[in-house]
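Asker: Once you've had a glance at the structure underneath, I'll fire off some questions.
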Amino acid sequence: MKIVSAAEMREIDRATSERFGVPSLTLMENAGSAVAEFVLEQYPESKRIGVLCGKGNNGGDGFVAARKLREAGRNVGVLLLAASGELRGDAAEMFGRMGFMPVVAESGEQLKSDIARAVLEADLLVDAVLGTGFRPPVSGVYGEAIAAMNAKDVPVVAVDIPSGADADVMGEQTGAVVRCAAIVTFTAPRPAHGFGRLTSGPTIVAPIGSPDDAIVSALRLNLITPHEIAALLGPRLREANKGSFGHVLVIGGSLGKAGAAAMAGMSALRTGAGLATVATAKTVLATVAGFHPELMTEPLQETDAGAISTRALEYGRFDELVKGKGVVAIGPGISRNPETAEFVRTVVEKCSLAMVVDADGLNAFEGAASKLDGKGRPLVITPHPGEMSRLTGKSIAEIQRDRVGVARAFADEHGIIVVLKGHRTLVAQPDGEVWVNTTGNPGMATGGTGDILTGMVAGMIAQNPQRVVEAVTSAVYLHGLAGDVACETMGEQSLVATDLVQALPQAFRRVREGAGKAVVRFRE
């Protein structure tokens with residue numbers, strides 16, 4: 001799903017009406033109806049609803065929502081923050097169709113009147129004051145209305161975007177912004193919906209009539225949704241066998257960190273790979289093998305510290321190891337031993353298979369990032385901000401200020417796919433396209449979840465070697481969704497990495513179920 005700018009959204013609406021013949025009144029009717037449907041579904045106990053409307057098209061959406069909510073039997077009051085004579089175009093038309101009179105508050109004084117306060121004393125408020133086209137700062141009666149909504153201890157549902165927010169800002173908003181419990185936006189999200197932390201609850205993206213051909217954007221930003229990835233999770237052929245779904249080789253593990261490689265291997269299997277082999281230091285082989293009986297193992301020569309040695313490359317041993325494998329994941333638990341780092345760099349440079357590099361596999365390239373070269377085969381890296389800092393020489397703060405720019409530039413420079421982990425994990429392609437993930441939660445901030453992701457990425461690539469980007473975005477989305485599923489029962493504090501592996505079957509089911517739904521829903 002494309003992420004579009006405010007200007008692009010205006011052009012999409014214009015093109016929908018002028019090129020594709022969908023009347024703008026129809027778009028507004030559908031938008032307001034989507035808001036009403038969400039309120040009726042999510043807040044069945046809220047009988048008294050106050051709808052605050054500005055004089056623009058956002059207010060027009062609010063008039064439609066108010067009409068629909070009243071038709072559904074709710075006690076609805078509308079507070080219009082302008083004279084009715086100031087309404088123009090579609091908003092004026094929908095005002096006329098509303099069928100009942102609003103309370104008008106053109107000033108802060110009128111906003112404090114008894115009849116205006118009566119609208120605000122509702123069980124739920126709908127914010128239809130300012131929409132995507134607004135640019136801060138907010139002032140006058142609109143600013144006072146925002147303050148009034150924020151002072152109420154009731155849920156606020158924002159129409160399109162919380163009033164006062166700048167739709168194109170990808171970071172923290174400045175100035176007065178409505179604090180809302182949910183957002184219902186339309187057609188496609190804007191940057192602030194994905195990155196702005198605008199709501200404490202869900203953001204709903206509802207289709208209102210714009211065809212796919214009208215939705216164009218130069219931002220090259222996309223939201224990962226079930227619709228984009230479900231095709232990779234479809235039913236398997238009846239005649240399939242384990243060889244049909246690829247063989248993943250995980251290289252990692254060291255004394256004290258055997259579990260990381262084992263979790264990566266098991267995650268590859270749970271994601272659907274046909275086979276998974278973990279190649280690890282001899283000392284910890286038994287630990288890895290005992291993790292799960294489905295994992296195959298291979299011993300590698302080791303250093304005195306119990307980490308993988310460069311001797312594992314001698315006499316063609318590694319060439320034999322990769323025979324029959326489809327993808328290599330290297331790094332989980334592999335340690336920062338200098339000799340092991342040399343081993344990692346050599347493997348990444350020489351191996352012609354698709355590769356996923358993570359954890360200390362990435363740290364092996366500190367000061368040597370030029371050796372990460374994706375030419376000739378798919379190469380995926382999955383750094384967290386600290387690892388990205390070591391690769392780029394930038395501070396973590398610099399990376400966090402421009403996550404999209406940093407990931408995009410590194411992917412382009414090295415010809416690789418960059419999975420920059422964190423809140424709103426990003427998948428940056430070498431061609432500049434960036435995918436934004438909306439699944440996951442703070443409970444996943446625990447040791448081992450990155451190793452699970454590494455195995456999942458490798459497992460999805462093994463099954464889909466011709467659709468690598470889709471495989472990566474699928475793994476990233478499913479990884480976060482498994483975390484969300486696990487969090488529902490375990491809670492954030494008690495969540496551990498292997499809970500994600502157990503939750504993966506349910507995550508797969510939810511993606512398949514969500515793929516057929518027109519409405520996209522995600523949480524902050």
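Ligands are numbered from 1 in the order shown, chains are lettered A, B, ... in the order of the structure tokens, and residues start at 1 in each chain.
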Could you give me, as a PyMOL selection string, the residues within 10 Å of segment 389-404 of chain A, counting only C-alpha atoms and dropping anything in the same chain fewer than 5 positions from it?
Answerer: chain A and resi 170-171+221+362-370+372+383-384+409-410+420-422+424-428+432-436
Asker: Which residues, written as a list in words, have at least one atom at most 7 Å from segment 148-161 of chain A, with only C-alpha atoms counted and residues fewer than 3 positions away on the same chain left out?
Answerer: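 The filter keeps Val35, Asn58, Asp123, Leu124, Leu125, Val126, Asp127, Ala128, Gly131, Thr132, Glu144, Ala145, Ala165, Val178, Arg179, Cys180, Ala181, Ala182, Ile183, Val184, Thr185 and Phe186 of chain A.
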Asker: Among segment 58-222 of chain A, which ones does DSSP place in strand (DSSP E), written as a ChimeraX atom specification?
Answerer: /A:75-80,103-104,124-128,156-159,182-186,202-206,221-222
Asker: Quick one: which segment 189-283 of chain A residues come within 12 Å of segment 36-39 of chain A, and what is the nearest atom pair for each with the distance in Å to one decimal, counting only C-alpha atoms, rows ordered by chain and ascending number, as a Markdown table?
Answerer:
```
| residue | atom | partner | partner_atom | distance |
| --- | --- | --- | --- | --- |
| A:Pro202 | CA | A:Phe38 | CA | 10.7 |
| A:Thr203 | CA | A:Phe38 | CA | 10.7 |
| A:Ile204 | CA | A:Phe38 | CA | 8.6 |
| A:Val205 | CA | A:Phe38 | CA | 11.0 |
| A:Ala206 | CA | A:Phe38 | CA | 9.9 |
```
Asker: Restricting the output to N, CA, C and O atoms, write the selected residues as a PDB file, in the first residue's frame.
Answerer:
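Result saved to result_22.pdb:
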```
ATOM      1  N   PRO A 202      -5.843   2.373  17.129  1.00  0.00           N
ATOM      2  CA  PRO A 202      -5.651   1.955  15.739  1.00  0.00           C
ATOM      3  C   PRO A 202      -5.768   3.097  14.744  1.00  0.00           C
ATOM      4  O   PRO A 202      -6.437   4.103  14.985  1.00  0.00           O
ATOM      5  N   THR A 203      -5.116   2.911  13.612  1.00  0.00           N
ATOM      6  CA  THR A 203      -5.340   3.741  12.435  1.00  0.00           C
ATOM      7  C   THR A 203      -6.007   2.858  11.389  1.00  0.00           C
ATOM      8  O   THR A 203      -5.518   1.772  11.082  1.00  0.00           O
ATOM      9  N   ILE A 204      -7.117   3.331  10.862  1.00  0.00           N
ATOM     10  CA  ILE A 204      -7.883   2.602   9.859  1.00  0.00           C
ATOM     11  C   ILE A 204      -7.695   3.300   8.524  1.00  0.00           C
ATOM     12  O   ILE A 204      -7.851   4.523   8.428  1.00  0.00           O
ATOM     13  N   VAL A 205      -7.339   2.556   7.486  1.00  0.00           N
ATOM     14  CA  VAL A 205      -7.253   3.104   6.131  1.00  0.00           C
ATOM     15  C   VAL A 205      -8.406   2.488   5.343  1.00  0.00           C
ATOM     16  O   VAL A 205      -8.376   1.306   5.010  1.00  0.00           O
ATOM     17  N   ALA A 206      -9.415   3.309   5.050  1.00  0.00           N
ATOM     18  CA  ALA A 206     -10.624   2.814   4.401  1.00  0.00           C
ATOM     19  C   ALA A 206     -10.653   3.223   2.931  1.00  0.00           C
ATOM     20  O   ALA A 206     -10.401   4.383   2.607  1.00  0.00           O
TER      21      ALA A 206
END
```
Asker: To test your reading of the structure, identify every residue in segment 220-382 of chain A that backbone DSSP assigns to alpha helix (DSSP H), and report it as an MDAnalysis selection string.
Answerer: chainID A and resid 226:229 258:270 285:289 317:322 338:350 360:363
Asker: At what distance in Å, to one decimal, does atom CA of Leu249 of chain A lie from atom CA of Lys325 of chain A?
Answerer: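 For atom CA of Lys325 of chain A relative to atom CA of Leu249 of chain A, the distance reads 6.4 Å.
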